[in-house]
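To be precise, the following lines are run_32.tsv, and they hold TSV, C-alpha atoms.
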```
chain	number	residue	atom	x	y	z
G	1	MET	CA	-106.95	-49.65	71.63
G	2	PHE	CA	-109.94	-51.02	73.54
G	3	VAL	CA	-113.21	-49.67	74.85
G	4	ILE	CA	-114.82	-51.50	77.76
G	5	THR	CA	-118.56	-50.86	77.68
G	6	ASN	CA	-121.67	-52.01	79.57
G	7	GLY	CA	-119.73	-52.45	82.80
G	8	ARG	CA	-119.99	-51.12	86.35
G	9	LEU	CA	-116.65	-49.41	87.04
G	10	ILE	CA	-115.34	-49.79	90.60
G	11	THR	CA	-113.23	-46.72	91.34
G	12	GLU	CA	-111.71	-45.67	94.65
G	13	GLU	CA	-114.73	-43.49	95.34
G	14	ALA	CA	-117.79	-45.18	93.86
G	15	ILE	CA	-119.27	-47.64	91.38
G	16	LEU	CA	-119.87	-45.83	88.10
G	17	HIS	CA	-122.86	-46.93	86.04
G	18	GLY	CA	-123.29	-45.95	82.41
G	19	TYR	CA	-119.62	-45.17	81.73
G	20	ASP	CA	-117.22	-46.43	79.08
G	21	LEU	CA	-113.47	-46.84	79.57
G	22	LEU	CA	-110.92	-46.27	76.80
G	23	ILE	CA	-107.57	-48.09	76.87
G	24	GLU	CA	-104.75	-46.79	74.70
G	25	GLU	CA	-101.43	-48.64	74.68
G	26	ASP	CA	-100.83	-49.56	78.35
G	27	ARG	CA	-102.92	-46.80	79.97
G	28	ILE	CA	-106.47	-45.90	80.92
G	29	MET	CA	-106.85	-42.99	78.54
G	30	LYS	CA	-110.42	-41.86	79.24
G	31	ILE	CA	-113.44	-42.60	81.43
G	32	ALA	CA	-116.58	-40.99	80.05
G	33	PRO	CA	-120.37	-41.30	80.05
G	34	LYS	CA	-121.65	-43.89	77.61
G	35	GLY	CA	-121.71	-42.52	74.06
G	36	GLU	CA	-118.96	-39.91	74.44
G	37	ILE	CA	-116.21	-42.28	73.30
G	38	LYS	CA	-116.66	-43.05	69.63
G	39	PHE	CA	-116.32	-46.72	68.67
G	40	GLU	CA	-114.03	-46.24	65.68
G	41	GLU	CA	-112.86	-49.11	63.46
G	42	HIS	CA	-109.40	-49.36	65.00
G	43	ILE	CA	-110.83	-49.68	68.53
G	44	GLU	CA	-111.81	-53.12	69.79
G	45	VAL	CA	-115.00	-53.08	71.83
G	46	VAL	CA	-115.17	-55.33	74.89
G	47	ASP	CA	-118.65	-55.86	76.28
G	48	ALA	CA	-118.60	-56.32	80.06
G	49	ALA	CA	-122.17	-57.65	79.88
G	50	GLY	CA	-123.26	-55.76	82.97
G	51	GLY	CA	-120.40	-57.10	85.09
G	52	TYR	CA	-118.09	-55.17	87.35
G	53	VAL	CA	-114.89	-53.64	86.00
G	54	SER	CA	-112.27	-53.50	88.73
G	55	PRO	CA	-108.53	-52.94	89.04
G	56	GLY	CA	-106.41	-56.08	88.82
G	57	PHE	CA	-105.71	-57.70	92.17
G	58	ILE	CA	-102.31	-57.13	93.79
G	59	ASP	CA	-101.21	-60.07	95.93
G	60	ILE	CA	-98.28	-59.12	98.14
G	61	HIS	CA	-98.06	-62.34	100.16
G	62	SER	CA	-98.44	-65.77	98.59
G	63	ASP	CA	-96.33	-68.91	98.71
G	64	TYR	CA	-98.43	-70.58	95.99
G	65	ILE	CA	-95.42	-70.83	93.70
G	66	GLU	CA	-93.80	-73.16	96.25
G	67	HIS	CA	-96.70	-75.59	95.87
G	68	MET	CA	-96.51	-75.42	92.08
G	69	ALA	CA	-92.75	-75.98	92.03
G	70	ALA	CA	-92.71	-78.69	94.69
G	71	PRO	CA	-96.13	-80.37	94.86
G	72	ARG	CA	-94.59	-83.19	96.91
G	73	PRO	CA	-91.53	-83.24	99.17
G	74	THR	CA	-89.75	-85.49	96.67
G	75	SER	CA	-91.08	-83.75	93.52
G	76	LEU	CA	-89.32	-80.69	92.18
G	77	MET	CA	-90.80	-79.48	88.92
G	78	ASP	CA	-89.04	-77.44	86.25
G	79	PHE	CA	-89.06	-73.85	87.55
G	80	ASP	CA	-89.88	-72.17	84.24
G	81	LEU	CA	-92.81	-74.55	83.77
G	82	SER	CA	-93.94	-73.87	87.33
G	83	LEU	CA	-93.92	-70.10	86.89
G	84	ARG	CA	-95.70	-70.17	83.54
G	85	GLU	CA	-98.39	-72.55	84.75
G	86	THR	CA	-98.79	-70.50	87.93
G	87	GLU	CA	-99.42	-67.26	86.09
G	88	LYS	CA	-102.09	-68.91	83.94
G	89	GLN	CA	-103.91	-69.78	87.14
G	90	LEU	CA	-103.34	-66.35	88.65
G	91	ILE	CA	-105.07	-64.50	85.82
G	92	SER	CA	-108.08	-66.79	86.13
G	93	HIS	CA	-108.37	-65.55	89.73
G	94	GLY	CA	-107.85	-61.88	88.84
G	95	ILE	CA	-104.31	-61.54	90.20
G	96	THR	CA	-102.38	-59.27	87.83
G	97	THR	CA	-99.47	-58.45	90.16
G	98	MET	CA	-97.98	-61.24	92.24
G	99	PHE	CA	-95.35	-60.92	94.95
G	100	HIS	CA	-94.05	-64.48	95.06
G	101	SER	CA	-93.32	-64.98	98.74
G	102	LEU	CA	-90.34	-67.29	98.70
G	103	SER	CA	-89.13	-68.33	102.13
G	104	LEU	CA	-85.52	-68.17	103.20
G	105	TYR	CA	-85.89	-70.79	105.93
G	106	LYS	CA	-83.12	-72.55	107.79
G	107	GLY	CA	-85.26	-75.67	108.12
G	108	SER	CA	-88.67	-77.02	109.04
G	109	ASP	CA	-89.74	-79.46	111.71
G	110	TYR	CA	-92.81	-80.75	109.94
G	111	GLU	CA	-92.73	-80.32	106.15
G	112	TYR	CA	-89.67	-80.42	103.94
G	113	LYS	CA	-89.96	-78.14	100.91
G	114	PRO	CA	-87.08	-78.46	98.44
G	115	ILE	CA	-87.97	-75.11	96.90
G	116	ARG	CA	-86.68	-73.49	100.11
G	117	GLU	CA	-83.14	-74.79	99.64
G	118	PRO	CA	-80.86	-71.75	99.09
G	119	GLU	CA	-79.79	-72.78	95.57
G	120	ASN	CA	-83.42	-73.22	94.50
G	121	VAL	CA	-84.45	-69.89	95.99
G	122	ARG	CA	-81.65	-68.24	94.01
G	123	LYS	CA	-82.81	-69.91	90.78
G	124	PHE	CA	-86.36	-68.71	91.31
G	125	ILE	CA	-85.26	-65.18	92.18
G	126	ASP	CA	-83.29	-65.03	88.94
G	127	LEU	CA	-86.25	-66.43	87.01
G	128	ILE	CA	-88.63	-63.84	88.47
G	129	ASP	CA	-86.14	-61.14	87.54
G	130	ARG	CA	-85.93	-62.43	83.95
G	131	THR	CA	-89.69	-62.19	83.52
G	132	HIS	CA	-89.32	-58.42	83.26
G	133	SER	CA	-87.69	-58.81	79.86
G	134	MET	CA	-89.48	-61.88	78.45
G	135	LYS	CA	-93.03	-62.70	77.42
G	136	HIS	CA	-95.24	-63.12	80.45
G	137	LEU	CA	-98.83	-62.69	81.60
G	138	VAL	CA	-98.78	-61.03	85.04
G	139	ARG	CA	-96.43	-58.67	86.81
G	140	HIS	CA	-94.02	-60.85	88.81
G	141	ARG	CA	-92.27	-59.57	91.94
G	142	PHE	CA	-90.17	-61.19	94.69
G	143	HIS	CA	-91.15	-61.02	98.35
G	144	ALA	CA	-88.22	-62.18	100.48
G	145	ARG	CA	-89.61	-63.88	103.59
G	146	PHE	CA	-86.58	-64.08	105.85
G	147	GLU	CA	-86.64	-66.32	108.92
G	148	ILE	CA	-84.45	-64.61	111.49
G	149	ASP	CA	-82.68	-67.81	112.54
G	150	ASN	CA	-81.30	-68.23	109.00
G	151	VAL	CA	-78.14	-66.33	109.86
G	152	ASN	CA	-76.08	-67.99	107.13
G	153	GLU	CA	-78.29	-66.46	104.41
G	154	MET	CA	-78.03	-62.86	105.62
G	155	ASP	CA	-75.31	-61.95	103.12
G	156	ASN	CA	-77.25	-63.55	100.27
G	157	LEU	CA	-80.35	-61.54	101.14
G	158	LYS	CA	-78.32	-58.35	101.11
G	159	SER	CA	-76.92	-59.30	97.71
G	160	TYR	CA	-80.44	-59.88	96.31
G	161	ILE	CA	-81.44	-56.42	97.55
G	162	ILE	CA	-78.37	-54.74	96.07
G	163	GLU	CA	-79.03	-56.52	92.76
G	164	ASN	CA	-82.55	-54.97	92.72
G	165	LYS	CA	-84.16	-58.42	92.70
G	166	VAL	CA	-86.17	-57.90	95.89
G	167	HIS	CA	-89.44	-55.95	95.97
G	168	LEU	CA	-90.59	-56.60	99.55
G	169	VAL	CA	-88.77	-57.89	102.66
G	170	SER	CA	-90.47	-59.45	105.66
G	171	PHE	CA	-88.86	-60.70	108.86
G	172	MET	CA	-90.34	-63.89	110.28
G	173	ASP	CA	-89.90	-65.71	113.56
G	174	HIS	CA	-91.75	-69.03	113.88
G	175	THR	CA	-90.17	-69.91	117.24
G	176	PRO	CA	-92.78	-71.75	119.34
G	177	GLY	CA	-93.99	-69.74	122.32
G	178	GLN	CA	-94.56	-66.47	120.44
G	179	GLY	CA	-96.01	-65.11	117.19
G	180	GLN	CA	-98.14	-67.60	115.27
G	181	TYR	CA	-97.27	-70.29	117.82
G	182	ARG	CA	-97.63	-68.23	120.97
G	183	HIS	CA	-99.84	-71.04	122.26
G	184	LEU	CA	-97.61	-74.11	122.32
G	185	GLU	CA	-100.59	-76.39	121.81
G	186	ILE	CA	-101.04	-74.91	118.32
G	187	TYR	CA	-97.40	-75.70	117.56
G	188	ARG	CA	-97.78	-79.26	118.88
G	189	ASN	CA	-100.89	-79.87	116.78
G	190	THR	CA	-99.20	-78.44	113.68
G	191	VAL	CA	-96.18	-80.71	114.01
G	192	LYS	CA	-98.37	-83.74	114.71
G	193	SER	CA	-100.50	-83.04	111.65
G	194	TYR	CA	-97.44	-83.67	109.47
G	195	ASN	CA	-95.52	-86.28	111.45
G	196	ASN	CA	-96.16	-89.16	113.80
G	197	ILE	CA	-94.10	-87.75	116.64
G	198	SER	CA	-94.29	-88.01	120.41
G	199	ASP	CA	-94.86	-85.16	122.85
G	200	ALA	CA	-91.41	-85.80	124.29
G	201	SER	CA	-89.83	-85.30	120.85
G	202	ILE	CA	-91.83	-82.10	120.37
G	203	ASP	CA	-90.51	-80.86	123.73
G	204	VAL	CA	-86.99	-81.32	122.37
G	205	LEU	CA	-87.91	-79.31	119.25
G	206	ILE	CA	-89.39	-76.51	121.32
G	207	HIS	CA	-86.24	-76.26	123.44
G	208	LYS	CA	-84.03	-76.31	120.34
G	209	HIS	CA	-85.92	-73.44	118.72
G	210	GLN	CA	-86.19	-71.36	121.86
G	211	THR	CA	-82.41	-71.50	122.36
G	212	LYS	CA	-81.20	-71.28	118.73
G	213	GLU	CA	-79.11	-68.48	117.29
G	214	LYS	CA	-81.00	-65.66	115.60
G	215	LEU	CA	-80.14	-62.43	113.86
G	216	SER	CA	-79.30	-59.67	116.29
G	217	ILE	CA	-81.34	-56.48	116.45
G	218	GLU	CA	-78.45	-54.72	114.73
G	219	ASP	CA	-78.46	-57.30	111.91
G	220	ILE	CA	-82.19	-56.76	111.33
G	221	LYS	CA	-81.72	-52.99	111.37
G	222	GLU	CA	-78.93	-53.29	108.82
G	223	ILE	CA	-81.09	-55.29	106.39
G	224	ALA	CA	-84.07	-53.01	106.91
G	225	GLN	CA	-81.98	-49.93	106.22
G	226	LEU	CA	-80.56	-51.51	103.07
G	227	ALA	CA	-84.13	-52.17	101.90
G	228	HIS	CA	-85.14	-48.59	102.62
G	229	ASP	CA	-82.12	-47.34	100.68
G	230	HIS	CA	-83.44	-49.29	97.66
G	231	ASN	CA	-87.03	-48.03	98.14
G	232	ILE	CA	-88.26	-51.47	99.25
G	233	ALA	CA	-91.05	-51.81	101.81
G	234	VAL	CA	-90.31	-53.82	104.97
G	235	ALA	CA	-92.83	-56.01	106.79
G	236	SER	CA	-92.99	-57.80	110.10
G	237	HIS	CA	-94.79	-61.12	110.49
G	238	ASP	CA	-97.16	-62.52	113.12
G	239	ASP	CA	-96.92	-59.54	115.45
G	240	ASP	CA	-98.28	-60.71	118.78
G	241	SER	CA	-97.67	-57.83	121.20
G	242	LEU	CA	-97.61	-54.06	121.36
G	243	GLU	CA	-93.99	-54.22	122.50
G	244	LYS	CA	-92.97	-56.16	119.41
G	245	LEU	CA	-94.82	-53.68	117.20
G	246	ASP	CA	-92.97	-50.76	118.74
G	247	LEU	CA	-89.68	-52.58	118.18
G	248	VAL	CA	-90.27	-53.48	114.52
G	249	HIS	CA	-91.67	-50.02	113.84
G	250	SER	CA	-88.41	-48.55	115.09
G	251	PHE	CA	-86.69	-50.36	112.18
G	252	GLY	CA	-88.90	-48.51	109.69
G	253	THR	CA	-91.29	-51.41	109.17
G	254	THR	CA	-94.43	-50.22	107.39
G	255	ILE	CA	-96.44	-53.46	107.05
G	256	SER	CA	-97.72	-55.81	109.76
G	257	GLU	CA	-98.47	-59.21	108.24
G	258	PHE	CA	-101.05	-61.34	110.05
G	259	PRO	CA	-101.25	-59.47	113.37
G	260	ILE	CA	-102.31	-61.99	116.00
G	261	THR	CA	-105.03	-59.93	117.73
G	262	ILE	CA	-107.28	-56.99	116.90
G	263	GLU	CA	-105.50	-54.93	119.56
G	264	VAL	CA	-102.18	-55.49	117.81
G	265	ALA	CA	-103.71	-54.71	114.41
G	266	GLN	CA	-105.21	-51.47	115.70
G	267	ARG	CA	-101.91	-50.44	117.26
G	268	ALA	CA	-100.12	-51.12	113.99
G	269	GLN	CA	-102.53	-48.80	112.20
G	270	GLU	CA	-101.96	-46.13	114.86
G	271	LEU	CA	-98.26	-46.38	114.06
G	272	GLY	CA	-99.03	-45.82	110.36
G	273	MET	CA	-98.44	-49.44	109.34
G	274	TYR	CA	-100.56	-51.36	106.84
G	275	THR	CA	-102.15	-54.51	108.25
G	276	ILE	CA	-102.57	-57.72	106.26
G	277	ALA	CA	-104.81	-60.75	106.71
G	278	GLY	CA	-105.21	-63.85	104.58
G	279	ALA	CA	-108.23	-64.07	102.29
G	280	PRO	CA	-108.61	-67.82	103.07
G	281	ASN	CA	-109.18	-66.76	106.69
G	282	VAL	CA	-112.38	-65.01	105.53
G	283	LEU	CA	-113.66	-68.04	103.63
G	284	LEU	CA	-112.80	-70.46	106.44
G	285	GLY	CA	-114.45	-68.30	109.09
G	286	GLY	CA	-111.23	-67.82	111.04
G	287	SER	CA	-107.52	-68.49	111.31
G	288	HIS	CA	-106.25	-72.05	110.84
G	289	SER	CA	-103.88	-71.27	113.73
G	290	GLY	CA	-106.58	-70.02	116.06
G	291	ASN	CA	-105.47	-66.39	115.82
G	292	LEU	CA	-107.16	-63.24	114.48
G	293	GLY	CA	-110.38	-63.72	112.51
G	294	ALA	CA	-110.06	-61.66	109.32
G	295	ALA	CA	-113.76	-60.97	108.76
G	296	GLU	CA	-114.22	-59.62	112.28
G	297	ALA	CA	-111.09	-57.49	111.98
G	298	ILE	CA	-112.22	-56.06	108.64
G	299	GLN	CA	-115.62	-55.19	110.11
G	300	ASN	CA	-113.70	-53.37	112.86
G	301	GLN	CA	-111.61	-51.60	110.19
G	302	SER	CA	-108.44	-53.16	111.61
G	303	ILE	CA	-107.24	-54.81	108.39
G	304	ASP	CA	-106.10	-52.83	105.34
G	305	ILE	CA	-105.05	-55.59	102.94
G	306	LEU	CA	-106.09	-59.11	102.00
G	307	CYS	CA	-103.59	-61.49	100.40
G	308	SER	CA	-104.13	-64.95	98.95
G	309	ASP	CA	-101.53	-66.46	101.34
G	310	TYR	CA	-101.68	-69.96	99.86
G	311	TYR	CA	-105.00	-70.03	97.92
G	312	PRO	CA	-105.24	-67.57	94.97
G	313	ALA	CA	-108.98	-68.07	94.42
G	314	ALA	CA	-109.68	-66.67	97.88
G	315	MET	CA	-109.04	-63.03	96.93
G	316	LEU	CA	-112.05	-62.74	94.63
G	317	HIS	CA	-114.39	-64.85	96.73
G	318	SER	CA	-113.49	-63.27	100.07
G	319	ILE	CA	-114.38	-59.82	98.71
G	320	PHE	CA	-117.85	-60.91	97.67
G	321	GLU	CA	-118.38	-62.92	100.85
G	322	LEU	CA	-117.58	-59.83	102.92
G	323	VAL	CA	-120.15	-57.89	100.90
G	324	GLU	CA	-122.90	-60.49	100.75
G	325	LYS	CA	-122.52	-62.24	104.11
G	326	TYR	CA	-121.28	-59.41	106.30
G	327	GLY	CA	-122.89	-56.42	104.58
G	328	MET	CA	-119.66	-54.60	103.78
G	329	ASP	CA	-119.37	-52.00	101.02
G	330	LEU	CA	-117.99	-53.37	97.73
G	331	VAL	CA	-115.95	-50.24	96.97
G	332	ASP	CA	-114.24	-50.44	100.36
G	333	MET	CA	-113.68	-54.19	100.14
G	334	MET	CA	-112.15	-53.92	96.68
G	335	LYS	CA	-109.51	-51.58	98.11
G	336	LEU	CA	-108.25	-54.47	100.27
G	337	VAL	CA	-106.92	-56.24	97.17
G	338	THR	CA	-106.12	-53.29	94.89
G	339	ILE	CA	-105.11	-49.77	95.95
G	340	ASN	CA	-104.19	-50.60	99.56
G	341	PRO	CA	-101.58	-53.25	98.69
G	342	ALA	CA	-100.36	-50.98	95.88
G	343	LYS	CA	-99.75	-48.22	98.42
G	344	ALA	CA	-98.05	-50.61	100.84
G	345	VAL	CA	-95.46	-51.66	98.24
G	346	LYS	CA	-95.12	-48.18	96.69
G	347	MET	CA	-96.77	-49.00	93.36
G	348	ASP	CA	-99.93	-46.89	93.69
G	349	GLU	CA	-98.77	-44.22	91.24
G	350	GLU	CA	-99.03	-46.80	88.46
G	351	ILE	CA	-101.53	-49.49	89.47
G	352	GLY	CA	-104.23	-50.33	92.00
G	353	SER	CA	-107.17	-48.16	90.90
G	354	ILE	CA	-109.23	-47.15	87.91
G	355	ARG	CA	-108.08	-43.66	87.10
G	356	GLU	CA	-107.18	-41.89	83.88
G	357	GLY	CA	-103.43	-42.08	83.24
G	358	LYS	CA	-102.86	-45.23	85.28
G	359	LYS	CA	-101.82	-48.60	83.92
G	360	ALA	CA	-104.69	-50.55	82.41
G	361	ASP	CA	-104.62	-53.55	84.76
G	362	LEU	CA	-108.32	-54.36	84.74
G	363	LEU	CA	-110.75	-57.20	85.44
G	364	ILE	CA	-114.26	-57.93	84.27
G	365	ILE	CA	-116.14	-59.74	87.04
G	366	GLU	CA	-119.49	-61.31	86.29
G	367	LYS	CA	-121.89	-63.31	88.42
G	368	ILE	CA	-122.81	-66.82	87.24
G	369	ASP	CA	-125.70	-67.99	89.40
G	370	GLU	CA	-124.48	-65.56	92.09
G	371	PHE	CA	-120.99	-67.04	91.84
G	372	PRO	CA	-118.37	-64.36	91.00
G	373	VAL	CA	-116.12	-65.23	88.07
G	374	ILE	CA	-113.39	-63.44	86.15
G	375	THR	CA	-114.41	-63.18	82.49
G	376	GLY	CA	-111.87	-60.62	81.28
G	377	VAL	CA	-108.31	-59.69	82.26
G	378	PHE	CA	-106.19	-56.79	81.01
G	379	VAL	CA	-102.56	-56.32	82.05
G	380	ASP	CA	-100.62	-53.29	80.83
G	381	GLY	CA	-103.44	-52.56	78.41
G	382	LYS	CA	-103.29	-55.97	76.76
G	383	LEU	CA	-106.30	-58.26	76.74
G	384	ILE	CA	-104.75	-61.31	78.41
G	385	GLN	CA	-107.81	-63.49	78.85
G	386	ARG	CA	-111.47	-63.61	77.88
G	387	THR	CA	-113.68	-66.38	79.29
G	388	ASN	CA	-117.15	-67.12	77.92
G	389	TYR	CA	-119.45	-69.27	80.01
G	390	ARG	CA	-122.01	-71.39	78.15
G	391	ILE	CA	-125.37	-72.92	78.95
```
In structure tokens, how does this file's structure come out?
Amino acid sequence: MFVITNGRLITEEAILHGYDLLIEEDRIMKIAPKGEIKFEEHIEVVDAAGGYVSPGFIDIHSDYIEHMAAPRPTSLMDFDLSLRETEKQLISHGITTMFHSLSLYKGSDYEYKPIREPENVRKFIDLIDRTHSMKHLVRHRFHARFEIDNVNEMDNLKSYIIENKVHLVSFMDHTPGQGQYRHLEIYRNTVKSYNNISDASIDVLIHKHQTKEKLSIEDIKEIAQLAHDHNIAVASHDDDSLEKLDLVHSFGTTISEFPITIEVAQRAQELGMYTIAGAPNVLLGGSHSGNLGAAEAIQNQSIDILCSDYYPAAMLHSIFELVEKYGMDLVDMMKLVTINPAKAVKMDEEIGSIREGKKADLLIIEKIDEFPVITGVFVDGKLIQRTNYRI
């Protein structure tokens, strides 16, 4: 049992000052005014030192594990080592639930990633599944990012779903001329940033991708329905038009990842979909692909969720940048990385907010010279990490 004291509790409704929080086993047992909870001998007292106490962050889109497993195109690290070292980093950034967003790609024109080979994806999926019954730090989940030209992997994806090893499915289409690469110049610059390749060769690539075989609408519907049957949320990716939104919504898609414009993001919300932007987008002041600026969209209330995308540290720092630079409300901003993603992936009954009876996934966030840092992490009621800064 633990009591967290001297902290400012960030709930869904307000920031509570002068309250203590009691953890018993894996749950938040009681939230009460300071002094009501007795500090008995068998209860460990954790002093938040005036910092914020928030829910643990829930990251539903991140390919960071790919970088840890394959830091170079020719370097493939041991997968168990990669996962264990990754989760140590995640807790230092406040991420207590991670949806590892492994890509089921057919191939890439500009950066080979061995982790995306089908046999390696399968190994990682099995490893993530095994974490549920072995010692681990954070809550690991699998987000299947399925590129719709990868027709040969359709049956494997369905098998992963049936085996209950998938926790989120997203459909991706990186064909140049639409989505993230709706402006072909962005695609050309991306390819050139990785390879010394001529414009004529890029023209050949563009034609190849624009004429390649893709999953049919019926195939996508079949996978989406299978996910729904297993209570798995379904997302679309890089939605760039209202017509595309209406189409993906007809499949039962409930999440729009990285909508390309504010108009598309607003339409997604009108359809009852959750909208996601990358936290690095906030820190960088805009999209690296020249698309929707996350900070502007959040100010316009067009984005519901922030994810780390590829940079785990961005979740914590984007929240405080939105508050301090753009004048946003901390309670509202915290929802972008806690209760809103929990709702999107159907986990909000258990995690995502500070409420009596919920899982005790909690963070202590202090300011060191106005720099936000994680100094305490609880997952399932266990004190996972305590960090003490020194002078």
Fill in: Pick from G:Ile339, G:Phe251, G:Pro71, G:Ala235, whichever lies nearest to G:Ile217 using all atoms listed in the file
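Closest to G:Ile217, using all atoms listed in the file: G:Phe251.
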Discussion item. What does the structure give for the distance between atom CA of G:Gly285 and atom CA of G:Phe320, in Å to one decimal?
Written reply: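 Atom CA of G:Phe320 lies 14.0 Å from atom CA of G:Gly285.
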Practice prompt. Report the distance between atom CA of G:Met172 and atom CA of G:Ser250 in Å, rounded to one decimal place.
Written response: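 Taking atom CA of G:Met172 and atom CA of G:Ser250, their separation equals 16.2 Å.
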Practice prompt. Scan for residues within 10 Å of the point (-120.6, -61.7, 107.7) in the coordinates of the file, using all atoms listed in the file, and reply as a list in words.
Written response: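 Those within range, by chain then number, are Val282, Gly285, Ala295, Glu296, Gln299, Glu321, Leu322, Val323, Glu324, Lys325, Tyr326, Gly327 and Met328 of chain G.
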Discussion item. Residues near G:Ser101, anyone? I mean within 9 Å using all atoms listed in the file, not counting same-chain ones fewer than 2 positions away, as a list of chain:residue names.
Written reply: G:Ile60, G:His61, G:Ser62, G:Asp63, G:Tyr64, G:Ile65, G:Glu66, G:Met98, G:Phe99, G:Ser103, G:Arg141, G:Phe142, G:His143, G:Ala144, G:Arg145, G:Leu168, G:Asp309
Fill in: Option closest in space to G:Ile148, from G:Ala69, G:Ile220, G:Gly51, G:Lys34 [counting all atoms listed in the file]
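Distance minimum relative to G:Ile148 lands on G:Ile220.
For the residues G:Met273, G:Ala70, G:Leu127, G:Ile58, ranking by smallest atom-to-atom distance to G:Ile351 using all atoms listed in the file places G:Ile58 first.
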Write out as a compact mmCIF listing (two decimals) with C-alpha atoms, in the coordinates of the input which residues come within 12 Å of G:Ile115 when counting all atoms listed in the file, dropping same-chain ones fewer than 4 positions away.
```
# COMPACT_ATOMS: atom_id res chain seq x y z
CA ASP G 63 -96.33 -68.91 98.71
CA TYR G 64 -98.43 -70.58 95.99
CA ILE G 65 -95.42 -70.83 93.70
CA GLU G 66 -93.80 -73.16 96.25
CA HIS G 67 -96.70 -75.59 95.87
CA MET G 68 -96.51 -75.42 92.08
CA ALA G 69 -92.75 -75.98 92.03
CA ALA G 70 -92.71 -78.69 94.69
CA PRO G 71 -96.13 -80.37 94.86
CA ARG G 72 -94.59 -83.19 96.91
CA PRO G 73 -91.53 -83.24 99.17
CA THR G 74 -89.75 -85.49 96.67
CA SER G 75 -91.08 -83.75 93.52
CA LEU G 76 -89.32 -80.69 92.18
CA MET G 77 -90.80 -79.48 88.92
CA ASP G 78 -89.04 -77.44 86.25
CA PHE G 79 -89.06 -73.85 87.55
CA SER G 82 -93.94 -73.87 87.33
CA SER G 101 -93.32 -64.98 98.74
CA LEU G 102 -90.34 -67.29 98.70
CA SER G 103 -89.13 -68.33 102.13
CA LEU G 104 -85.52 -68.17 103.20
CA TYR G 105 -85.89 -70.79 105.93
CA GLY G 107 -85.26 -75.67 108.12
CA GLU G 111 -92.73 -80.32 106.15
CA GLU G 119 -79.79 -72.78 95.57
CA ASN G 120 -83.42 -73.22 94.50
CA VAL G 121 -84.45 -69.89 95.99
CA ARG G 122 -81.65 -68.24 94.01
CA LYS G 123 -82.81 -69.91 90.78
CA PHE G 124 -86.36 -68.71 91.31
CA ILE G 125 -85.26 -65.18 92.18
```
Practice prompt. Find the spatial neighbours of G:Glu153, counting all atoms listed in the file, within a cut-off of 8 Å - ignore same-chain residues fewer than 3 positions away - and output them as a PyMOL selection string.
Written response: chain G and resi 104+118+150+156-157
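In terms of minimum interatomic distance to G:Ala279, G:His317 ranks closest within G:His228, G:Lys165, G:His317, G:Arg27, counting all atoms listed in the file.
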Item to complete: Counting only C-alpha atoms, note down every residue that has an atom within 12 Å of the point (-82.8, -54.7, 108.9) (file coordinates), as a ChimeraX atom specification.
Response: /G:146,148,154-155,157-158,161,169-172,215-229,232-236,247-253
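You will find atom CA of G:Ile260 at 28.5 Å from atom CA of G:Pro114.
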Discussion item. Could you list, as a list of chain:residue names, every residue within 9 Å of stretch 266-270 of chain G, counting all atoms listed in the file and ignoring same-chain residues fewer than 4 positions away?
Written reply: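 In the requested format, the answer is G:Leu242, G:Leu245, G:Asp246, G:His249, G:Thr254, G:Ile255, G:Ser256, G:Pro259, G:Thr261, G:Ile262, G:Tyr274, G:Thr275, G:Gln301, G:Ser302, G:Ile303, G:Asp304.
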